[in-house]
Every structure is written in structure tokens, then in C-alpha cells.
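The file query-v1.tsv comes next; it holds TSV, C-alpha atoms and all ligand atoms.
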chain	number	residue	atom	x	y	z
Q	1	MET	CA	77.56	69.33	70.51
Q	2	THR	CA	76.67	70.00	74.13
Q	3	PRO	CA	76.34	66.89	76.30
Q	4	LEU	CA	73.17	68.38	77.83
Q	5	ALA	CA	70.01	67.97	75.73
Q	6	GLU	CA	67.70	70.98	75.55
Q	7	SER	CA	64.86	69.17	77.33
Q	8	ALA	CA	67.34	68.22	80.08
Q	9	LEU	CA	68.48	71.86	80.32
Q	10	LEU	CA	64.87	72.88	81.02
Q	11	GLU	CA	64.57	70.15	83.66
Q	12	VAL	CA	67.72	71.48	85.37
Q	13	TRP	CA	66.24	74.98	85.26
Q	14	ASP	CA	62.99	73.71	86.86
Q	15	ARG	CA	64.72	71.73	89.57
Q	16	VAL	CA	67.39	74.22	90.60
Q	17	GLY	CA	65.14	77.28	90.40
Q	18	THR	CA	62.89	75.92	93.15
Q	19	ALA	CA	65.73	74.65	95.41
Q	20	PRO	CA	66.45	76.47	98.70
Q	21	GLN	CA	69.41	78.84	98.30
Q	22	PRO	CA	72.01	77.06	100.50
Q	23	LEU	CA	71.34	73.73	98.76
Q	24	ARG	CA	71.33	75.19	95.27
Q	25	PRO	CA	74.98	74.46	94.34
Q	26	ALA	CA	74.52	70.79	95.23
Q	27	VAL	CA	71.13	70.53	93.51
Q	28	LEU	CA	72.71	72.14	90.43
Q	29	LEU	CA	75.49	69.55	90.33
Q	30	ASP	CA	73.07	66.63	90.86
Q	31	ALA	CA	70.62	67.96	88.25
Q	32	LEU	CA	73.32	68.52	85.62
Q	33	ARG	CA	74.83	65.10	86.17
Q	34	ALA	CA	71.38	63.48	85.91
Q	35	GLY	CA	70.64	65.49	82.75
Q	36	MET	CA	73.90	64.29	81.20
Q	37	GLY	CA	73.24	60.68	82.19
Q	38	GLU	CA	76.15	60.65	84.62
Q	39	VAL	CA	76.22	59.27	88.13
Q	40	GLY	CA	78.15	60.42	91.16
Q	41	ASP	CA	77.88	60.69	94.92
Q	42	PRO	CA	74.99	62.91	96.08
Q	43	ALA	CA	76.46	66.39	95.76
Q	44	ASP	CA	75.21	67.58	99.15
Q	45	SER	CA	77.46	64.99	100.81
Q	46	LEU	CA	80.64	66.12	99.00
Q	47	PRO	CA	83.12	68.49	100.64
Q	48	VAL	CA	82.31	71.95	99.30
Q	49	GLY	CA	85.64	72.25	97.47
Q	50	ARG	CA	85.12	68.98	95.64
Q	51	ARG	CA	81.57	70.01	94.74
Q	52	ASP	CA	82.79	73.32	93.33
Q	53	ARG	CA	85.65	71.68	91.43
Q	54	ALA	CA	83.06	69.38	89.80
Q	55	LEU	CA	80.92	72.43	88.92
Q	56	ILE	CA	83.94	74.15	87.32
Q	57	GLU	CA	84.61	71.05	85.23
Q	58	LEU	CA	80.95	70.89	84.13
Q	59	ARG	CA	80.98	74.59	83.26
Q	60	GLN	CA	83.99	73.99	81.01
Q	61	ARG	CA	82.28	71.09	79.24
Q	62	LEU	CA	78.93	72.86	78.78
Q	63	PHE	CA	79.89	76.46	78.09
Q	64	GLY	CA	83.68	76.51	77.64
Q	65	SER	CA	86.51	77.75	79.83
Q	66	ARG	CA	86.17	81.47	79.19
Q	67	MET	CA	83.98	83.24	81.67
Q	68	ARG	CA	83.09	86.90	82.06
Q	69	CYS	CA	82.53	88.05	85.64
Q	70	ALA	CA	81.59	91.40	87.12
Q	71	ALA	CA	81.81	92.95	90.59
Q	72	ASN	CA	81.40	96.40	92.09
Q	73	CYS	CA	84.35	98.27	93.62
Q	74	PRO	CA	83.83	98.45	97.42
Q	75	ARG	CA	85.26	101.99	97.51
Q	76	CYS	CA	83.75	103.83	94.52
Q	77	ALA	CA	81.11	101.30	93.40
Q	78	ALA	CA	82.47	101.27	89.83
Q	79	ARG	CA	81.60	98.13	87.89
Q	80	VAL	CA	84.67	95.95	87.33
Q	81	GLU	CA	84.59	93.27	84.66
Q	82	LEU	CA	87.12	90.55	84.15
Q	83	ASP	CA	87.59	87.61	81.83
Q	84	LEU	CA	88.40	84.38	83.59
Q	85	ASP	CA	90.02	81.36	82.04
Q	86	LEU	CA	88.86	78.34	84.02
Q	87	ASP	CA	91.70	76.26	82.54
Q	88	ARG	CA	94.07	78.37	84.62
Q	89	MET	CA	92.12	77.84	87.82
Q	90	GLN	CA	93.67	74.53	88.67
Q	91	ALA	CA	93.18	73.04	92.11
Q	92	GLU	CA	95.74	74.40	94.57
Q	93	ALA	CA	96.05	71.01	96.21
Q	94	PRO	CA	93.86	67.93	96.39
Q	95	PRO	CA	91.46	68.21	99.33
Q	96	ALA	CA	92.53	66.35	102.45
Q	97	GLU	CA	90.22	63.73	103.92
Q	98	LEU	CA	90.60	65.21	107.40
Q	99	ALA	CA	91.62	68.44	109.10
Q	100	LEU	CA	93.73	67.98	112.22
Q	101	VAL	CA	93.98	70.36	115.14
Q	102	ARG	CA	96.13	69.89	118.20
Q	103	MET	CA	94.25	70.42	121.41
Q	104	LYS	CA	94.75	69.77	125.06
Q	105	GLY	CA	94.94	66.04	125.55
Q	106	GLY	CA	95.37	65.04	121.90
Q	107	THR	CA	94.43	65.79	118.30
Q	108	LEU	CA	91.00	66.82	117.07
Q	109	ARG	CA	89.97	65.33	113.71
Q	110	LEU	CA	87.41	67.11	111.56
Q	111	ARG	CA	85.95	66.27	108.15
Q	112	PRO	CA	85.63	69.10	105.59
Q	113	PRO	CA	82.08	70.56	105.60
Q	114	THR	CA	79.55	69.56	102.96
Q	115	THR	CA	76.64	71.50	101.47
Q	116	ARG	CA	74.35	69.67	103.91
Q	117	ASP	CA	76.44	70.85	106.89
Q	118	ILE	CA	76.41	74.44	105.70
Q	119	ALA	CA	72.67	74.43	104.97
Q	120	ARG	CA	71.96	73.00	108.43
Q	121	VAL	CA	74.13	75.63	110.14
Q	122	LEU	CA	72.60	78.47	108.11
Q	123	ALA	CA	69.14	77.30	109.16
Q	124	GLY	CA	70.15	77.77	112.82
Q	125	PRO	CA	70.86	80.94	114.82
Q	126	ALA	CA	72.97	83.63	113.14
Q	127	SER	CA	75.43	83.80	116.03
Q	128	GLY	CA	78.00	81.08	116.61
Q	129	ARG	CA	77.77	79.55	113.14
Q	130	VAL	CA	81.49	78.75	112.92
Q	131	GLU	CA	81.26	76.93	116.25
Q	132	ALA	CA	78.15	75.07	115.08
Q	133	LEU	CA	80.03	73.99	111.93
Q	134	VAL	CA	83.02	72.82	113.97
Q	135	ARG	CA	80.69	70.80	116.21
Q	136	ARG	CA	79.02	69.15	113.19
Q	137	CYS	CA	82.31	68.26	111.51
Q	138	ALA	CA	84.28	67.12	114.57
Q	139	LEU	CA	84.96	63.38	114.63
Q	140	ASP	CA	86.30	63.41	118.21
Q	141	PRO	CA	84.66	64.50	121.47
Q	142	LEU	CA	84.93	68.25	122.02
Q	143	PRO	CA	85.62	69.98	125.32
Q	144	ASP	CA	82.64	71.74	126.83
Q	145	PRO	CA	82.57	74.71	126.73
Q	146	LEU	CA	84.43	74.94	123.43
Q	147	PRO	CA	87.35	77.41	123.76
Q	148	PRO	CA	87.16	80.20	121.13
Q	149	ALA	CA	90.85	79.60	120.25
Q	150	LEU	CA	90.03	76.00	119.37
Q	151	VAL	CA	87.09	77.10	117.19
Q	152	GLU	CA	89.42	79.51	115.40
Q	153	ALA	CA	92.14	76.88	114.93
Q	154	ALA	CA	89.58	74.35	113.67
Q	155	SER	CA	88.16	76.88	111.22
Q	156	VAL	CA	91.64	77.58	109.81
Q	157	ALA	CA	92.41	73.85	109.59
Q	158	LEU	CA	89.13	73.16	107.75
Q	159	HIS	CA	89.93	75.88	105.26
Q	160	GLU	CA	93.43	74.49	104.67
Q	161	ALA	CA	92.06	70.96	104.26
Q	162	ASP	CA	89.67	72.02	101.47
Q	163	PRO	CA	91.23	75.08	99.78
Q	164	ASP	CA	88.85	74.98	96.80
Q	165	ALA	CA	85.91	75.59	99.13
Q	166	GLU	CA	86.74	79.27	98.94
Q	167	ILE	CA	88.37	80.36	95.70
Q	168	VAL	CA	89.28	84.04	95.95
Q	169	LEU	CA	89.85	86.43	93.06
Q	170	THR	CA	91.98	89.53	93.54
Q	171	LEU	CA	90.36	92.43	91.72
Q	172	THR	CA	91.60	95.96	91.02
Q	173	CYS	CA	89.30	98.88	90.29
Q	174	PRO	CA	90.31	100.65	87.04
Q	175	ASP	CA	88.82	103.94	88.30
Q	176	CYS	CA	90.24	104.36	91.82
Q	177	GLY	CA	92.94	101.66	91.95
Q	178	THR	CA	91.46	99.88	95.00
Q	179	ALA	CA	92.42	96.19	95.15
Q	180	TRP	CA	90.26	93.70	97.01
Q	181	ASP	CA	89.57	90.00	97.30
Q	182	ALA	CA	86.23	88.67	96.09
Q	183	PRO	CA	85.01	85.10	96.46
Q	184	PHE	CA	84.50	83.24	93.19
Q	185	ASP	CA	81.06	81.59	93.27
Q	186	ILE	CA	81.09	78.98	90.49
Q	187	ALA	CA	77.58	77.76	91.37
Q	188	ALA	CA	76.11	81.25	90.95
Q	189	CYS	CA	78.03	81.80	87.69
Q	190	LEU	CA	76.99	78.45	86.21
Q	191	TRP	CA	73.39	79.00	87.32
Q	192	GLY	CA	73.52	82.33	85.47
Q	193	ASP	CA	74.63	80.50	82.30
Q	194	ILE	CA	71.80	77.96	82.68
Q	195	LEU	CA	69.24	80.75	83.24
Q	196	LEU	CA	70.33	82.57	80.08
Q	197	ALA	CA	70.28	79.42	77.96
Q	198	ALA	CA	66.90	78.29	79.34
Q	199	ARG	CA	65.29	81.70	78.81
Q	200	ARG	CA	66.60	81.85	75.24
Q	201	LEU	CA	65.14	78.42	74.59
Q	202	LEU	CA	61.79	79.22	76.21
Q	203	ARG	CA	61.53	82.37	74.11
Q	204	GLU	CA	62.05	80.30	70.96
Q	205	VAL	CA	59.38	77.83	72.13
Q	206	HIS	CA	56.99	80.69	72.85
Q	207	HIS	CA	57.42	82.27	69.40
Q	208	LEU	CA	57.16	79.00	67.48
Q	209	ALA	CA	54.21	77.75	69.55
Q	210	THR	CA	52.38	81.03	68.95
Q	211	ALA	CA	53.15	81.04	65.22
Q	212	TYR	CA	52.66	77.37	64.33
Q	213	GLY	CA	50.63	75.89	67.20
Q	214	TRP	CA	53.27	73.24	67.96
Q	215	SER	CA	53.71	71.83	71.45
Q	216	GLU	CA	56.89	72.35	73.50
Q	217	ALA	CA	57.92	68.74	72.86
Q	218	GLU	CA	57.35	69.12	69.12
Q	219	ILE	CA	59.39	72.31	69.01
Q	220	LEU	CA	62.30	70.81	70.96
Q	221	ALA	CA	62.30	67.86	68.54
Q	222	VAL	CA	63.09	70.27	65.67
Q	223	PRO	CA	66.91	70.66	65.35
Q	224	PRO	CA	68.08	74.10	66.63
Q	225	ARG	CA	69.42	75.21	63.23
Q	226	ARG	CA	66.09	74.52	61.54
Q	227	ARG	CA	64.23	76.20	64.41
Q	228	ARG	CA	66.26	79.36	63.96
Q	229	GLU	CA	65.41	79.33	60.25
Q	230	TYR	CA	61.68	79.10	61.06
Q	231	LEU	CA	62.09	82.05	63.41
Q	232	LEU	CA	63.85	84.04	60.68
Q	233	ILE	CA	61.24	83.17	58.03
Q	234	GLY	CA	58.46	84.17	60.39
Q	235	GLY	CA	60.28	87.38	61.34
Q	236	LEU	CA	60.07	86.27	64.98
C	301	ZN	ZN	86.94	101.98	92.65
Show me the file's structure as C-alpha cells.
Amino acid sequence: MTPLAESALLEVWDRVGTAPQPLRPAVLLDALRAGMGEVGDPADSLPVGRRDRALIELRQRLFGSRMRCAANCPRCAARVELDLDLDRMQAEAPPAELALVRMKGGTLRLRPPTTRDIARVLAGPASGRVEALVRRCALDPLPDPLPPALVEAASVALHEADPDAEIVLTLTCPDCGTAWDAPFDIAACLWGDILLAARRLLREVHHLATAYGWSEAEILAVPPRRRREYLLIGGL
């Protein structure tokens, strides 16, 4: 039995569907945890890699470890499908608390970016976003102006400190043989699973409400197996 009740699934669907895009992965994690009666740190304050690792673990518990993904070949646009086994996607290394970069006069300490950091940077100007992120995450005073080489080194160090923040899949096109790296977006995949499940459920509610005049709450109180039988009997 799934640890997420059907009414809670619909609440997750409501809450995440209206969340701004950059915050959506964190809202999804918070909403699922709340729906399952679990508590945790606010997801928008977690390093992105830790947030995504938690989403992978929830995806395994709610929908299993097998996952079908699709992408388009960048060369010939062919659709490439692959089956992922989330059990095999173990963390490369536990995230570090801090990223360290040597700079003139000492060491720069940075904390791995959170969803909140990324949303704030994306809300700002399109140019200089990496520098804006480095400025937000730096725990030590930065030289002014900030040398581009230091921004680059800090960006690399942040990536190494939180490797799960960007899980990359290597794909190969079966038609033209092109191989390329594609980012694995667990939040988008899990949101797709939630959308499918919620729409299936809402369709059932619609058919049963139309046929029998029951309310949504009354329909969700009927066990799924019995509901499906009503749908069959009614030819719905
Ligand atoms: Zn191709």
C-alpha cells in the first residue's frame, strides 16, 4: 500500500501545480513529506543535491525504482527512451558541508546552493548568474571586483561539494549513434508521476460523481478496488 493517501495526493497536486517553477522541486518535497505525515527541514533550505536525493528516495517508495525516461537526440531529433533503475543511482559521495577555494590571501569558504539561492538568482538579471550564486553562497568576504577565474574555481568547487545537484545521464541515439550527456531531473520526473496519478484519480471521481451523485470525499472514501468495480459495472 502506498504511504500517500489519495486525498493527500490531490493536495500535493494542488500545491505543487501552483508553485513557481524554480521552487517547484522544494515545494514537491515539502508537500509529499507533509502528505505522508513526515517532517524534515524546509526543502528550500537544503543543498540541491540533498533535496534531489530525498526526491529519488520518495520516488522509490511511492512508485518503485524502475523509471522510464525519454529525450530527443540533439543531432537527428529521434526520440530516445531508456529504463532507469533508481536503485543503481547511488550517491557518488556524501555532500560536503562546505566548498573550499584557494584565493589570494587565504581560502574562500562557500556553502552548497539551495533551492532558495537558485530561485533568487534566477529572478535576477540573466547575465552573471554564476557570479551572483557565488556571492550568495560565499561565507567569507570576496574581493571586489570578483576575478572571473575565482568565479570559475568557486563554481567547480560547489559542483564537487554537492555532486548529486547535477546527476548526468549519458545517452546514445539508436538511429545516428550520437552520444550526449543529459541532466537527470528527478523533480520533473516525479512531478510527472504525480500528475498522471492525480489525473487518473480525478477522472474516476468525475465518472462516479456523474453516475451516482456522490461527492469527491464520498468517492475517495470508497476503497479503490470497489471503485473500479463500480466503474466497470457502469461501463464508465
Ligand atoms: Zn540521433
Contacts of Gln21 (chain Q) within 12 Å, all atoms listed in the file, excl. fewer than 4 positions in-chain, as a list in words = Val16, Gly17, Pro25, Ala26, Val27, Leu28, Thr115, Arg116, Ile118, Ala119, Arg120, Leu122, Ala123, Ala187, Ala188 and Trp191 of chain Q
key: Close residues to ligand ZN 301 (chain C) using only C-alpha atoms and all ligand atoms, limit 8 Å, as a list in words   = Asn72, Cys73, Pro74, Arg75, Cys76, Ala77, Ala78, Thr172, Cys173, Pro174, Asp175, Cys176, Gly177 and Thr178 of chain Q
task = Work out how far apart CA of Arg136 (chain Q) and CA of Pro112 (chain Q) are and give it in Å to one decimal.
result =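 Distance between the two atoms: 10.1 Å.
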Considering only C-alpha atoms, tabulate each residue of region 155-200 of chain Q that lies at most 10 Å from region 93-103 of chain Q along with its nearest interatomic pair and the corresponding distance in Å to one decimal; arrange the rows by chain and ascending residue number and present them as JSON lines.
{"residue": "Q:Ser155", "atom": "CA", "partner": "Q:Ala99", "partner_atom": "CA", "distance": 9.4}
{"residue": "Q:Val156", "atom": "CA", "partner": "Q:Ala99", "partner_atom": "CA", "distance": 9.2}
{"residue": "Q:Ala157", "atom": "CA", "partner": "Q:Ala99", "partner_atom": "CA", "distance": 5.5}
{"residue": "Q:Leu158", "atom": "CA", "partner": "Q:Ala99", "partner_atom": "CA", "distance": 5.5}
{"residue": "Q:His159", "atom": "CA", "partner": "Q:Ala99", "partner_atom": "CA", "distance": 8.5}
{"residue": "Q:Glu160", "atom": "CA", "partner": "Q:Ala99", "partner_atom": "CA", "distance": 7.7}
{"residue": "Q:Ala161", "atom": "CA", "partner": "Q:Ala96", "partner_atom": "CA", "distance": 5.0}
{"residue": "Q:Asp162", "atom": "CA", "partner": "Q:Pro95", "partner_atom": "CA", "distance": 4.7}
{"residue": "Q:Pro163", "atom": "CA", "partner": "Q:Pro95", "partner_atom": "CA", "distance": 6.9}
{"residue": "Q:Asp164", "atom": "CA", "partner": "Q:Pro95", "partner_atom": "CA", "distance": 7.7}
{"residue": "Q:Ala165", "atom": "CA", "partner": "Q:Pro95", "partner_atom": "CA", "distance": 9.2}
ask   = At what distance in Å, to one decimal, does CA of Val12 (chain Q) lie from CA of Gly35 (chain Q)?
value =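 So the answer is 7.2 Å.
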inquiry  = For a test of reading the model, state the distance in Å between CA of Asp144 (chain Q) and CA of Pro125 (chain Q), rounded to one decimal.
reply    = 19.2 Å
